[in-house]
file run.txt (compact mmCIF, C-alpha atoms)
# COMPACT_ATOMS: atom_id res chain seq x y z
CA MET A 275 0.00 0.00 0.00
CA GLN A 276 1.24 3.47 -0.88
CA ARG A 277 2.30 5.90 1.83
CA MET A 278 1.47 9.62 1.73
CA ILE A 279 -1.38 9.27 -0.72
CA PRO A 280 -2.34 12.36 -2.72
CA VAL A 281 -5.79 13.88 -2.47
CA ASP A 282 -7.26 12.21 -5.51
CA ARG A 283 -6.46 8.74 -4.14
CA LEU A 284 -8.90 9.07 -1.26
CA ALA A 285 -11.62 6.46 -1.71
CA ARG A 286 -15.10 7.84 -2.19
CA PRO A 287 -18.35 6.38 -3.52
CA GLU A 288 -18.96 7.19 -7.16
CA ARG A 289 -21.84 9.50 -6.26
CA THR A 290 -19.58 11.83 -4.23
CA ILE A 291 -19.00 15.09 -6.04
CA MET A 292 -15.50 16.33 -5.36
CA VAL A 293 -14.50 19.89 -6.20
CA PRO A 294 -11.18 21.59 -5.41
CA ILE A 295 -11.47 24.51 -3.02
CA GLU A 296 -10.44 27.06 -5.68
CA ARG A 297 -13.34 25.90 -7.85
CA THR A 298 -15.79 26.13 -4.95
CA ARG A 299 -14.66 29.69 -4.39
CA GLN A 300 -14.98 30.46 -8.09
CA ALA A 301 -18.54 29.12 -8.00
CA ARG A 302 -19.30 31.61 -5.23
CA ILE A 303 -17.66 34.49 -7.10
CA ASP A 304 -19.69 33.59 -10.20
CA GLN A 305 -22.82 34.04 -8.09
CA ASN A 306 -21.69 37.37 -6.60
CA LEU A 307 -21.02 35.87 -3.15
CA SER A 308 -18.01 36.36 -0.88
CA PRO A 309 -15.23 34.25 -2.30
CA GLN A 310 -13.97 32.53 0.81
CA ASN A 311 -16.70 30.66 2.57
CA MET A 312 -20.36 30.54 3.47
CA MET A 313 -20.93 33.36 5.92
CA PRO A 314 -23.17 33.21 8.99
CA TYR A 315 -25.75 35.53 7.41
CA GLU A 316 -26.32 33.29 4.38
CA GLU A 317 -29.35 31.05 4.09
CA ASP A 318 -27.13 28.03 3.47
CA PHE A 319 -24.79 28.76 6.38
CA LEU A 320 -25.95 26.09 8.79
CA PRO A 321 -26.36 23.17 6.34
CA GLY A 322 -23.31 24.28 4.36
CA ARG A 323 -21.12 24.65 7.42
CA LEU A 324 -22.26 21.34 8.93
CA HIS A 325 -21.65 19.68 5.57
CA GLY A 326 -18.11 21.03 5.39
CA ILE A 327 -17.46 19.86 8.94
CA CYS A 328 -18.88 16.41 8.23
CA ALA A 329 -16.54 16.00 5.26
CA GLY A 330 -13.73 17.37 7.42
CA GLU A 331 -14.42 14.79 10.11
CA MET A 332 -14.25 12.05 7.49
CA GLN A 333 -10.94 13.35 6.20
CA ALA A 334 -9.65 13.72 9.77
CA MET A 335 -10.57 10.09 10.39
CA GLU A 336 -8.70 9.09 7.25
CA ALA A 337 -5.74 11.28 8.18
CA ALA A 338 -5.37 9.76 11.64
CA GLY A 339 -5.65 6.30 10.10
CA ARG A 340 -3.03 7.15 7.52
CA SER A 341 -0.73 8.42 10.29
CA LEU A 342 -0.90 4.96 11.83
CA PHE A 343 0.06 3.37 8.52
CA ASP A 344 2.55 5.98 7.34
CA PHE A 345 4.63 6.01 10.53
CA PRO A 346 5.02 2.40 11.67
CA ASP A 347 8.18 3.26 13.62
CA ALA A 348 6.54 5.97 15.72
CA PRO A 349 6.19 5.22 19.47
CA TRP A 350 3.47 2.76 20.41
CA GLU A 351 1.69 5.44 22.50
CA PHE A 352 1.60 7.72 19.43
CA GLN A 353 -0.07 4.94 17.47
CA LEU A 354 -2.56 4.37 20.26
CA ASP A 355 -3.47 8.07 20.24
CA MET A 356 -3.93 8.01 16.45
CA ALA A 357 -6.12 4.90 16.71
CA ARG A 358 -8.19 6.60 19.38
CA GLN A 359 -8.53 9.62 17.09
CA VAL A 360 -9.80 7.45 14.22
CA TRP A 361 -12.51 6.16 16.53
CA ASP A 362 -13.38 9.70 17.72
CA GLU A 363 -13.58 11.10 14.18
CA SER A 364 -15.78 8.25 13.00
CA ARG A 365 -18.27 9.05 15.78
CA HIS A 366 -18.08 12.73 14.85
CA THR A 367 -18.84 11.89 11.22
CA GLU A 368 -21.97 10.05 12.31
CA ILE A 369 -23.02 12.90 14.58
CA PHE A 370 -22.67 15.44 11.78
CA MET A 371 -24.53 13.20 9.33
CA LYS A 372 -27.42 13.17 11.83
CA LEU A 373 -27.14 16.94 12.30
CA LEU A 374 -27.30 17.42 8.54
CA GLU A 375 -30.59 15.53 8.46
CA TYR A 376 -31.72 17.62 11.41
CA VAL A 377 -31.22 20.91 9.55
CA GLY A 378 -32.84 19.62 6.36
CA SER A 379 -29.71 18.62 4.50
CA TYR A 380 -27.84 15.39 3.73
CA LEU A 381 -24.31 14.26 2.99
CA GLY A 382 -23.79 14.99 -0.70
CA GLU A 383 -25.99 18.08 -0.94
CA PHE A 384 -22.82 20.15 -1.38
CA PRO A 385 -19.53 19.16 -3.01
CA GLU A 386 -16.64 17.87 -0.91
CA SER A 387 -13.43 19.87 -0.93
CA GLU A 388 -9.92 18.46 -0.67
CA ILE A 389 -8.54 21.32 1.41
CA LEU A 390 -8.23 19.52 4.74
CA TRP A 391 -6.57 16.45 3.28
CA SER A 392 -4.08 18.64 1.44
CA CYS A 393 -3.05 19.99 4.87
CA THR A 394 -2.12 16.54 6.12
CA LEU A 395 0.61 15.72 3.61
CA ALA A 396 3.73 15.82 5.74
CA ASP A 397 6.18 12.94 5.88
CA ASP A 398 7.31 13.59 9.47
CA PRO A 399 4.89 12.55 12.26
CA ALA A 400 5.79 15.63 14.32
CA VAL A 401 4.98 17.90 11.39
CA ARG A 402 1.84 15.92 10.57
CA VAL A 403 0.37 16.26 14.09
CA ALA A 404 1.31 19.94 14.17
CA GLY A 405 -0.69 20.42 10.97
CA ILE A 406 -3.66 18.21 11.71
CA ASN A 407 -4.01 18.29 15.48
CA ARG A 408 -2.89 21.84 16.15
CA GLY A 409 -3.69 23.61 12.87
CA LEU A 410 -6.87 21.94 11.69
CA GLU A 411 -8.25 20.84 15.06
CA GLY A 412 -7.46 24.30 16.42
CA LEU A 413 -9.56 25.72 13.60
CA ALA A 414 -12.28 23.21 14.53
CA CYS A 415 -12.27 24.63 18.08
CA ASP A 416 -13.12 28.07 16.66
CA VAL A 417 -15.71 26.82 14.18
CA PHE A 418 -17.46 24.59 16.70
CA GLU A 419 -17.58 27.28 19.35
CA GLN A 420 -19.34 29.55 16.86
CA ILE A 421 -21.92 26.90 16.00
CA ILE A 422 -22.52 26.21 19.70
CA ARG A 423 -23.23 29.92 20.22
CA LEU A 424 -25.53 29.86 17.21
CA GLY A 425 -27.38 26.89 18.73
CA GLN A 426 -27.69 28.78 22.01
CA LYS A 427 -28.98 31.86 20.26
CA LEU A 428 -31.54 29.78 18.40
CA GLY A 429 -32.55 28.06 21.64
CA ASP A 430 -31.71 24.75 19.94
CA PRO A 431 -30.23 22.26 22.44
CA ILE A 432 -29.71 19.58 19.76
CA ILE A 433 -27.20 21.63 17.80
CA GLU A 434 -25.65 23.16 20.91
CA ARG A 435 -25.08 19.89 22.77
CA ALA A 436 -24.16 17.69 19.83
CA VAL A 437 -21.42 20.09 18.74
CA ASP A 438 -20.28 20.67 22.33
CA TYR A 439 -19.87 16.89 22.69
CA VAL A 440 -17.66 16.82 19.60
CA LEU A 441 -15.72 19.91 20.71
CA ALA A 442 -14.69 18.12 23.92
CA ASP A 443 -12.90 15.52 21.76
CA GLU A 444 -11.30 18.15 19.50
CA ILE A 445 -9.82 19.87 22.53
CA THR A 446 -8.24 16.54 23.47
CA HIS A 447 -6.93 16.11 19.93
CA VAL A 448 -5.21 19.50 20.02
CA ARG A 449 -3.61 18.60 23.35
CA MET A 450 -2.56 15.25 21.89
CA GLY A 451 -0.97 17.03 18.94
CA SER A 452 0.90 19.48 21.16
CA LYS A 453 2.18 16.62 23.31
CA TRP A 454 3.48 14.59 20.36
CA MET A 455 4.89 17.57 18.50
CA ARG A 456 6.99 18.47 21.54
CA LYS A 457 7.91 14.88 22.43
CA LEU A 458 8.98 13.91 18.91
CA CYS A 459 10.97 17.14 18.56
CA GLU A 460 12.79 16.89 21.90
CA GLY A 461 16.40 18.00 21.44
CA ASP A 462 15.79 18.90 17.79
CA PRO A 463 14.88 22.62 17.51
CA GLU A 464 15.05 22.54 13.71
CA ARG A 465 12.44 19.81 13.55
CA LEU A 466 10.24 21.76 15.97
CA ALA A 467 10.63 24.87 13.80
CA ARG A 468 9.55 22.87 10.72
CA ALA A 469 6.50 21.55 12.57
CA LEU A 470 5.49 25.02 13.76
CA ALA A 471 6.04 26.51 10.31
CA PHE A 472 3.77 23.86 8.79
CA GLN A 473 1.08 24.66 11.35
CA GLU A 474 1.43 28.41 10.76
CA ASN A 475 0.98 27.89 7.02
CA ILE A 476 -2.27 26.11 7.75
CA ASP A 477 -3.40 28.85 10.14
CA ALA A 478 -2.66 31.41 7.39
CA LEU A 479 -4.59 29.36 4.83
CA PHE A 480 -7.70 29.64 6.99
CA ASN A 481 -7.44 33.35 7.71
CA PHE A 482 -10.11 33.92 5.07
CA ASP A 483 -8.67 37.26 4.03
CA GLY A 484 -10.46 39.37 6.59
CA PHE A 485 -13.66 37.39 6.85
CA ARG A 486 -12.45 36.20 10.27
CA THR A 487 -12.30 38.22 13.49
CA THR A 488 -12.07 37.52 17.19
CA MET A 489 -15.33 36.48 18.79
CA GLU A 490 -15.52 39.78 20.69
CA GLU A 491 -14.99 41.91 17.58
CA ALA A 492 -17.46 40.14 15.30
CA PRO A 493 -20.10 42.63 14.11
CA GLN A 494 -23.62 41.42 14.81
CA VAL A 495 -26.04 41.35 11.91
CA ALA A 496 -29.67 40.34 11.63
CA GLN A 497 -30.21 37.03 9.92
CA SER A 498 -32.74 34.28 9.48
CA VAL A 499 -31.64 30.81 10.54
CA GLY A 500 -34.02 27.85 10.51
CA GLY A 501 -36.94 30.25 10.10
CA ARG A 502 -35.95 32.32 13.18
CA GLU A 503 -34.74 35.90 13.13
CA ILE A 504 -31.65 36.50 15.26
CA ALA A 505 -28.66 38.81 15.40
CA PHE A 506 -25.42 36.89 14.96
CA ASP A 507 -21.79 37.15 13.89
CA ALA A 508 -21.13 38.62 10.48
CA THR A 509 -17.72 36.91 10.36
CA LEU A 510 -16.06 33.62 11.18
CA THR A 511 -14.59 33.91 14.65
CA ILE A 512 -11.60 32.88 16.75
CA SER A 513 -12.43 31.62 20.25
CA ARG A 514 -9.71 32.45 22.76
CA GLU A 515 -11.41 30.58 25.58
CA THR A 516 -11.72 27.34 23.63
CA ARG A 517 -8.16 27.58 22.33
CA LEU A 518 -6.90 28.12 25.90
CA LEU A 519 -8.79 25.01 26.98
CA ALA A 520 -7.08 23.16 24.14
CA GLY A 521 -3.69 24.18 25.50
CA PHE A 522 -2.71 26.97 23.11
CA SER A 523 -0.80 29.70 24.90
CA ASP A 524 -2.00 33.33 25.02
CA GLU A 525 1.01 34.21 22.89
CA GLU A 526 0.00 31.72 20.18
CA ILE A 527 -3.58 33.00 20.16
CA ASP A 528 -2.36 36.62 20.03
CA ARG A 529 -0.23 35.74 17.02
CA LEU A 530 -3.23 34.20 15.27
CA THR A 531 -5.52 37.16 15.96
CA GLN A 532 -2.83 39.62 14.86
CA ALA A 533 -2.42 37.69 11.59
CA VAL A 534 -6.17 37.93 11.02
CA ALA A 535 -6.14 41.66 11.76
CA ARG A 536 -3.38 42.17 9.16
CA SER A 537 -5.45 40.69 6.36
CA PRO A 538 -6.55 42.91 3.47
CA VAL A 539 -10.06 43.82 4.63
CA TYR A 540 -8.71 45.73 7.65
CA MET B 130 -28.19 5.84 7.61
CA ALA B 131 -31.92 6.14 8.19
CA GLU B 132 -33.43 9.55 7.66
CA LEU B 133 -34.94 11.19 10.69
CA GLY B 134 -38.09 11.90 8.75
CA LYS B 135 -40.91 14.07 9.98
CA ARG B 136 -42.99 11.61 11.92
CA ALA B 137 -44.95 12.76 14.93
CA ASN B 138 -45.01 9.23 16.38
CA VAL B 139 -41.21 9.00 16.51
CA MET B 140 -39.45 10.08 19.68
CA GLY B 141 -36.34 12.21 19.56
CA PRO B 142 -35.31 15.22 17.52
CA GLN B 143 -37.23 15.97 14.37
CA PRO B 144 -35.77 17.99 11.48
CA ILE B 145 -36.12 21.74 11.92
CA ALA B 146 -36.09 22.42 8.17
CA ASN B 147 -37.16 20.72 4.98
CA ARG B 148 -34.75 19.60 2.33
CA ARG B 149 -34.35 22.06 -0.50
CA GLU B 150 -35.86 20.54 -3.61
CA MET B 151 -33.67 20.46 -6.69
CA PRO B 152 -35.18 22.65 -9.43
CA PRO B 153 -36.86 20.40 -12.02
CA ALA B 154 -35.54 22.67 -14.80
CA MET B 155 -31.98 22.07 -13.59
CA MET B 156 -32.48 18.31 -13.53
CA GLU B 157 -33.91 18.42 -17.04
CA ALA B 158 -30.98 20.53 -18.19
CA GLY B 159 -28.46 18.15 -16.62
CA ALA B 160 -30.10 15.13 -18.20
CA ALA B 161 -30.32 16.90 -21.56
CA LEU B 162 -26.64 17.80 -21.38
CA PHE B 163 -25.61 14.18 -20.95
CA GLU B 164 -28.04 13.14 -23.68
CA LEU B 165 -26.32 15.58 -26.04
CA LEU B 166 -22.95 14.06 -25.13
CA ALA B 167 -24.31 10.54 -25.57
CA GLY B 168 -25.75 11.43 -28.96
CA GLY B 169 -22.50 12.97 -30.15
CA ARG B 170 -24.09 16.42 -30.48
CA LEU B 171 -20.93 18.00 -29.18
CA ASP B 172 -21.34 21.38 -30.90
CA GLU B 173 -24.56 21.88 -28.98
CA VAL B 174 -22.76 21.11 -25.73
CA GLU B 175 -20.03 23.61 -26.60
CA ALA B 176 -22.68 26.23 -27.31
CA LEU B 177 -23.83 25.93 -23.68
CA ALA B 178 -20.40 26.85 -22.30
CA MET B 179 -19.90 30.17 -20.59
CA PRO B 180 -16.93 31.89 -22.29
CA GLN B 181 -14.64 31.22 -19.32
CA ALA B 182 -15.56 27.51 -19.35
CA LEU B 183 -15.13 26.88 -23.06
CA THR B 184 -11.59 25.46 -22.80
CA GLU B 185 -12.72 22.98 -20.18
CA VAL B 186 -15.81 22.01 -22.15
CA LEU B 187 -13.69 21.49 -25.26
CA ARG B 188 -11.43 19.22 -23.21
CA VAL B 189 -14.46 17.04 -22.52
CA THR B 190 -15.95 17.12 -26.00
CA ASP B 191 -12.57 16.55 -27.69
CA ALA B 192 -12.13 13.41 -25.59
CA LEU B 193 -15.45 12.18 -26.94
CA ARG B 194 -14.92 12.89 -30.65
CA SER B 195 -13.06 9.66 -31.30
CA ARG B 196 -15.67 7.61 -29.51
CA VAL B 197 -17.67 5.61 -32.03
CA GLY B 198 -21.15 4.19 -31.65
CA SER B 199 -24.03 5.36 -29.56
CA SER B 200 -23.89 5.74 -25.82
CA ALA B 201 -26.43 5.61 -23.03
CA ALA B 202 -26.32 8.52 -20.61
CA HIS B 203 -26.62 7.91 -16.89
CA ILE B 204 -26.76 10.67 -14.24
CA ILE B 205 -24.81 9.66 -11.13
CA SER B 206 -25.44 12.53 -8.73
CA TYR B 207 -25.97 16.22 -8.10
CA ALA B 208 -24.51 18.65 -5.57
CA ARG B 209 -25.06 22.36 -5.26
CA SER B 210 -23.24 25.57 -4.57
CA ASN B 211 -26.01 28.06 -3.74
CA ASP B 212 -28.00 28.22 -6.99
CA HIS B 213 -25.46 26.49 -9.20
CA TYR B 214 -25.45 22.70 -9.45
CA TYR B 215 -22.77 20.13 -10.12
CA VAL B 216 -23.99 17.27 -12.27
CA LYS B 217 -21.96 14.08 -12.52
CA GLY B 218 -22.81 11.47 -15.09
CA LYS B 219 -21.41 8.82 -17.33
CA LEU B 220 -21.78 7.51 -20.83
CA LEU B 221 -21.94 3.77 -21.37
CA SER B 222 -21.26 2.21 -24.76
CA PRO B 223 -20.84 -1.44 -25.64
CA GLY B 224 -17.16 -2.28 -26.00
CA ALA B 225 -15.90 1.03 -24.61
CA GLU B 226 -14.76 2.17 -21.20
CA PRO B 227 -17.39 4.27 -19.38
CA PHE B 228 -16.84 8.00 -19.89
CA THR B 229 -17.44 10.04 -16.75
CA ALA B 230 -17.82 13.80 -16.64
CA GLN B 231 -18.88 16.45 -14.16
CA PHE B 232 -20.29 19.88 -14.94
CA ARG B 233 -21.30 22.92 -12.95
CA ILE B 234 -24.40 24.42 -14.46
CA GLY B 235 -26.07 27.67 -13.49
CA PRO B 236 -28.94 29.75 -14.85
CA VAL B 237 -28.25 32.66 -17.19
CA GLU B 238 -31.31 34.49 -18.49
CA GLY B 239 -33.48 31.42 -18.20
CA ARG B 240 -30.98 28.96 -19.70
CA TRP B 241 -28.81 26.52 -17.74
CA MET B 242 -25.29 27.18 -18.92
CA ILE B 243 -22.02 25.31 -18.23
CA TRP B 244 -19.67 27.13 -15.86
CA GLU B 245 -17.18 24.31 -15.27
CA ALA B 246 -16.44 20.97 -16.86
CA TYR B 247 -14.35 18.01 -15.71
CA ASN B 248 -13.36 14.88 -17.58
CA LEU B 249 -13.27 12.25 -14.84
CA SER B 250 -12.55 9.26 -17.04
CA GLY B 251 -9.62 6.97 -16.33
CA GLY B 252 -9.94 6.98 -12.54
CA ARG B 253 -9.73 10.76 -12.24
CA THR B 254 -11.71 12.61 -9.59
CA GLY B 255 -12.80 16.20 -9.24
CA TRP B 256 -9.67 16.65 -7.10
CA SER B 257 -7.24 15.51 -9.82
CA SER B 258 -5.31 18.23 -11.62
CA PRO B 259 -6.83 19.08 -15.01
CA ALA B 260 -5.83 16.60 -17.71

call {"tool": "encode", "arguments": {"input": "run.txt", "output": "structure tokens"}}
result
Amino acid sequence: MQRMIPVDRLARPERTIMVPIERTRQARIDQNLSPQNMMPYEEDFLPGRLHGICAGEMQAMEAAGRSLFDFPDAPWEFQLDMARQVWDESRHTEIFMKLLEYVGSYLGEFPESEILWSCTLADDPAVRVAGINRGLEGLACDVFEQIIRLGQKLGDPIIERAVDYVLADEITHVRMGSKWMRKLCEGDPERLARALAFQENIDALFNFDGFRTTMEEAPQVAQSVGGREIAFDATLTISRETRLLAGFSDEEIDRLTQAVARSPVY
Amino acid sequence: MAELGKRANVMGPQPIANRREMPPAMMEAGAALFELLAGGRLDEVEALAMPQALTEVLRVTDALRSRVGSSAAHIISYARSNDHYYVKGKLLSPGAEPFTAQFRIGPVEGRWMIWEAYNLSGGRTGWSSPA
């Protein structure tokens, strides 16, 4: 079996419609929408966001599984953590498939993007966990926190609690990633620098060119979600509290928020 | 996975929104597009391309020009991006490998036009680099 498989070797049923992220963005531009992502004020925000997360959970499950296969010489405890993560992500996938049905959608309503898998392609386990567990799962902490708040605002305990349940695991995954990044890089500052640089590239990729702010700075706009009128974030947000729970330092979170503030919209 | 459905006699959470129906006109347009490909009416397919998609559409139609004999068109699936739809389908001919393609179609002044085209034959996916 091949190690480090490229994106187009991921197995999918024939009915899955796969579209590269640049094409998805072009489709939005062609329809006079913001290029980066579905925004909280859009009608499709909830089903679209949950769909993207569901596909992301699937790819995270595959990525953790591939880490087991790609790094057979990694410590046994590392492999145990990756196996545990496969199990967690598979449960998350099922939860989000149920949530999709709950909000009137289904897996396959929107195309699946390759962006998350493309962030996993590192041939060093320390770099790989920095990218997946700290970069992508850190992003998940922000995204999930925003959906939990949306659920609270809607008075919808199903969305709020289901996503909170998943977030608890993601926090563990970030901590797992930090632990292994540091452990595998012990006594090797260059390797640690490579791992952190890989993670920072991923953080930059998801800055969304100014469509992301801190939770506190997000302008509130009126919107209709699930037939209810509420005021909610106009941007995608960064959650300091959740990132602190996940073990990111204040300095790391400051760096992320400063990078967002430097983006072109500001 | 079983759908939750909207059944008052079922305990547990019920959907808070209905599924968005796919526009019948879009489904007709998608089916017609693959019928044109199957029938070898490639010029008509090219005429549906938005100017920015013409190169990609030609990549698909050129790959079909050497295909001899009639094909049967089969729609595999749809997915949407707001009001544009991806349509994936394949052409089946006796003695030939299935030809799979994917298009993004969107309405322009009442007509469903092609905004993107992918040739997915030969084990390619929508994530493969363009041929």

call {"tool": "residues_around", "arguments": {"input": "run.txt", "residues": "Ala225 of chain B", "least_positions_apart": "6", "cutoff": "10 Å", "atoms": "all atoms listed in the file", "output": "list of chain:residue names"}}
result
B:Arg196, B:Val197, B:Gly198, B:Ser200

call {"tool": "atom_distance", "arguments": {"input": "run.txt", "atom1": "atom CA of Gly339 of chain A", "atom2": "atom CA of Thr394 of chain A"}}
result
11.5 Å

call {"tool": "closest_residue", "arguments": {"input": "run.txt", "among": "A:Gln276, A:Thr367, A:Gln494, A:Ser387", "to": "chain B", "atoms": "all atoms listed in the file"}}
result
A:Ser387

call {"tool": "interface_residues", "arguments": {"input": "run.txt", "of": "chain B", "to": "chain A", "cutoff": "9 Å", "atoms": "only C-alpha atoms", "output": "VMD selection string"}}
result
chain B and resid 130 132 to 134 142 to 149 205 to 217 231 233 235 244 to 245 253 to 258

call {"tool": "residues_around", "arguments": {"input": "run.txt", "residues": "Ala178 of chain B", "least_positions_apart": "2", "cutoff": "6 Å", "atoms": "all atoms listed in the file", "output": "list of chain:residue names"}}
result
B:Glu175, B:Ala176, B:Ala182, B:Leu183, B:Met242, B:Ile243

call {"tool": "write_last_selection", "arguments": {"input": "run.txt", "atoms": "C-alpha atoms", "output": "PDB file, keeping the file's coordinate frame"}}
result
ATOM      1  CA  GLU B 175     -20.030  23.610 -26.600  1.00  0.00           C
ATOM      2  CA  ALA B 176     -22.680  26.230 -27.310  1.00  0.00           C
ATOM      3  CA  ALA B 182     -15.560  27.510 -19.350  1.00  0.00           C
ATOM      4  CA  LEU B 183     -15.130  26.880 -23.060  1.00  0.00           C
ATOM      5  CA  MET B 242     -25.290  27.180 -18.920  1.00  0.00           C
ATOM      6  CA  ILE B 243     -22.020  25.310 -18.230  1.00  0.00           C
TER       7      ILE B 243
END

call {"tool": "atom_distance", "arguments": {"input": "run.txt", "atom1": "atom CA of Ser452 of chain A", "atom2": "atom CA of Gly405 of chain A"}}
result
10.4 Å

call {"tool": "residues_around", "arguments": {"input": "run.txt", "residues": "segment 463-466 of chain A", "least_positions_apart": "3", "cutoff": "12 Å", "atoms": "all atoms listed in the file", "output": "list in words"}}
result
Asp398, Pro399, Ala400, Val401, Arg402, Val403, Ala404, Ser452, Trp454, Met455, Arg456, Lys457, Leu458, Cys459, Glu460, Ala469, Leu470, Ala471, Phe472 and Gln473 of chain A

call {"tool": "atom_distance", "arguments": {"input": "run.txt", "atom1": "atom CA of Arg277 of chain A", "atom2": "atom CA of Trp350 of chain A"}}
result
18.9 Å

call {"tool": "axis_aligned_box", "arguments": {"input": "run.txt", "around": "segment 444-447 of chain A", "padding_each_side": "6 Å", "output": "lines of an AutoDock Vina configuration file"}}
result
center_x = -9.1
center_y = 18.0
center_z = 21.5
size_x = 16.4
size_y = 15.8
size_z = 16.0

call {"tool": "closest_residue", "arguments": {"input": "run.txt", "among": "A:Ile512, A:Leu413, A:Leu424, A:Ala396", "to": "Ser498 of chain A", "atoms": "all atoms listed in the file"}}
result
A:Leu424

call {"tool": "residues_around", "arguments": {"input": "run.txt", "residues": "Phe480 of chain A", "least_positions_apart": "3", "cutoff": "10 Å", "atoms": "all atoms listed in the file", "output": "MDAnalysis selection string"}}
result
chainID A and resid 310 409:410 413 474:477 483 485:486 534

call {"tool": "residues_near_point", "arguments": {"input": "run.txt", "point": "(-25.4, 6.9, -21.4)", "cutoff": "12 Å", "atoms": "all atoms listed in the file", "output": "PyMOL selection string"}}
result
chain B and resi 160-169+198-205+217-223+225-230

call {"tool": "closest_residue", "arguments": {"input": "run.txt", "among": "A:Cys328, A:Ala520, A:Ser341, A:Ala357", "to": "Val437 of chain A", "atoms": "all atoms listed in the file"}}
result
A:Cys328

call {"tool": "closest_residue", "arguments": {"input": "run.txt", "among": "A:Met332, A:Ala508, A:Ile433, A:Ala535", "to": "Ala478 of chain A", "atoms": "only C-alpha atoms"}}
result
A:Ala535

call {"tool": "decode", "arguments": {"input": "run.txt", "residues": "segment 393-437 of chain A", "atoms": "C-alpha atoms", "output": "PDB file, in the first residue's frame"}}
result
ATOM      1  CA  CYS A 393      -3.045  19.985   4.868  1.00  0.00           C
ATOM      2  CA  THR A 394      -2.119  16.538   6.115  1.00  0.00           C
ATOM      3  CA  LEU A 395       0.606  15.720   3.608  1.00  0.00           C
ATOM      4  CA  ALA A 396       3.733  15.820   5.740  1.00  0.00           C
ATOM      5  CA  ASP A 397       6.183  12.941   5.883  1.00  0.00           C
ATOM      6  CA  ASP A 398       7.307  13.587   9.466  1.00  0.00           C
ATOM      7  CA  PRO A 399       4.890  12.550  12.256  1.00  0.00           C
ATOM      8  CA  ALA A 400       5.795  15.629  14.316  1.00  0.00           C
ATOM      9  CA  VAL A 401       4.981  17.903  11.386  1.00  0.00           C
ATOM     10  CA  ARG A 402       1.842  15.925  10.574  1.00  0.00           C
ATOM     11  CA  VAL A 403       0.374  16.264  14.087  1.00  0.00           C
ATOM     12  CA  ALA A 404       1.315  19.936  14.165  1.00  0.00           C
ATOM     13  CA  GLY A 405      -0.695  20.425  10.973  1.00  0.00           C
ATOM     14  CA  ILE A 406      -3.661  18.211  11.714  1.00  0.00           C
ATOM     15  CA  ASN A 407      -4.014  18.289  15.481  1.00  0.00           C
ATOM     16  CA  ARG A 408      -2.890  21.843  16.149  1.00  0.00           C
ATOM     17  CA  GLY A 409      -3.692  23.615  12.869  1.00  0.00           C
ATOM     18  CA  LEU A 410      -6.875  21.937  11.691  1.00  0.00           C
ATOM     19  CA  GLU A 411      -8.247  20.837  15.057  1.00  0.00           C
ATOM     20  CA  GLY A 412      -7.457  24.296  16.418  1.00  0.00           C
ATOM     21  CA  LEU A 413      -9.563  25.719  13.598  1.00  0.00           C
ATOM     22  CA  ALA A 414     -12.276  23.214  14.532  1.00  0.00           C
ATOM     23  CA  CYS A 415     -12.272  24.634  18.081  1.00  0.00           C
ATOM     24  CA  ASP A 416     -13.117  28.073  16.656  1.00  0.00           C
ATOM     25  CA  VAL A 417     -15.706  26.822  14.185  1.00  0.00           C
ATOM     26  CA  PHE A 418     -17.463  24.587  16.700  1.00  0.00           C
ATOM     27  CA  GLU A 419     -17.584  27.280  19.351  1.00  0.00           C
ATOM     28  CA  GLN A 420     -19.342  29.555  16.857  1.00  0.00           C
ATOM     29  CA  ILE A 421     -21.923  26.897  16.004  1.00  0.00           C
ATOM     30  CA  ILE A 422     -22.521  26.207  19.697  1.00  0.00           C
ATOM     31  CA  ARG A 423     -23.228  29.919  20.217  1.00  0.00           C
ATOM     32  CA  LEU A 424     -25.528  29.863  17.206  1.00  0.00           C
ATOM     33  CA  GLY A 425     -27.384  26.889  18.726  1.00  0.00           C
ATOM     34  CA  GLN A 426     -27.689  28.778  22.012  1.00  0.00           C
ATOM     35  CA  LYS A 427     -28.977  31.863  20.258  1.00  0.00           C
ATOM     36  CA  LEU A 428     -31.543  29.784  18.396  1.00  0.00           C
ATOM     37  CA  GLY A 429     -32.550  28.056  21.639  1.00  0.00           C
ATOM     38  CA  ASP A 430     -31.711  24.750  19.941  1.00  0.00           C
ATOM     39  CA  PRO A 431     -30.233  22.262  22.436  1.00  0.00           C
ATOM     40  CA  ILE A 432     -29.709  19.575  19.763  1.00  0.00           C
ATOM     41  CA  ILE A 433     -27.198  21.632  17.801  1.00  0.00           C
ATOM     42  CA  GLU A 434     -25.651  23.161  20.907  1.00  0.00           C
ATOM     43  CA  ARG A 435     -25.076  19.894  22.770  1.00  0.00           C
ATOM     44  CA  ALA A 436     -24.157  17.691  19.835  1.00  0.00           C
ATOM     45  CA  VAL A 437     -21.422  20.091  18.738  1.00  0.00           C
TER      46      VAL A 437
END
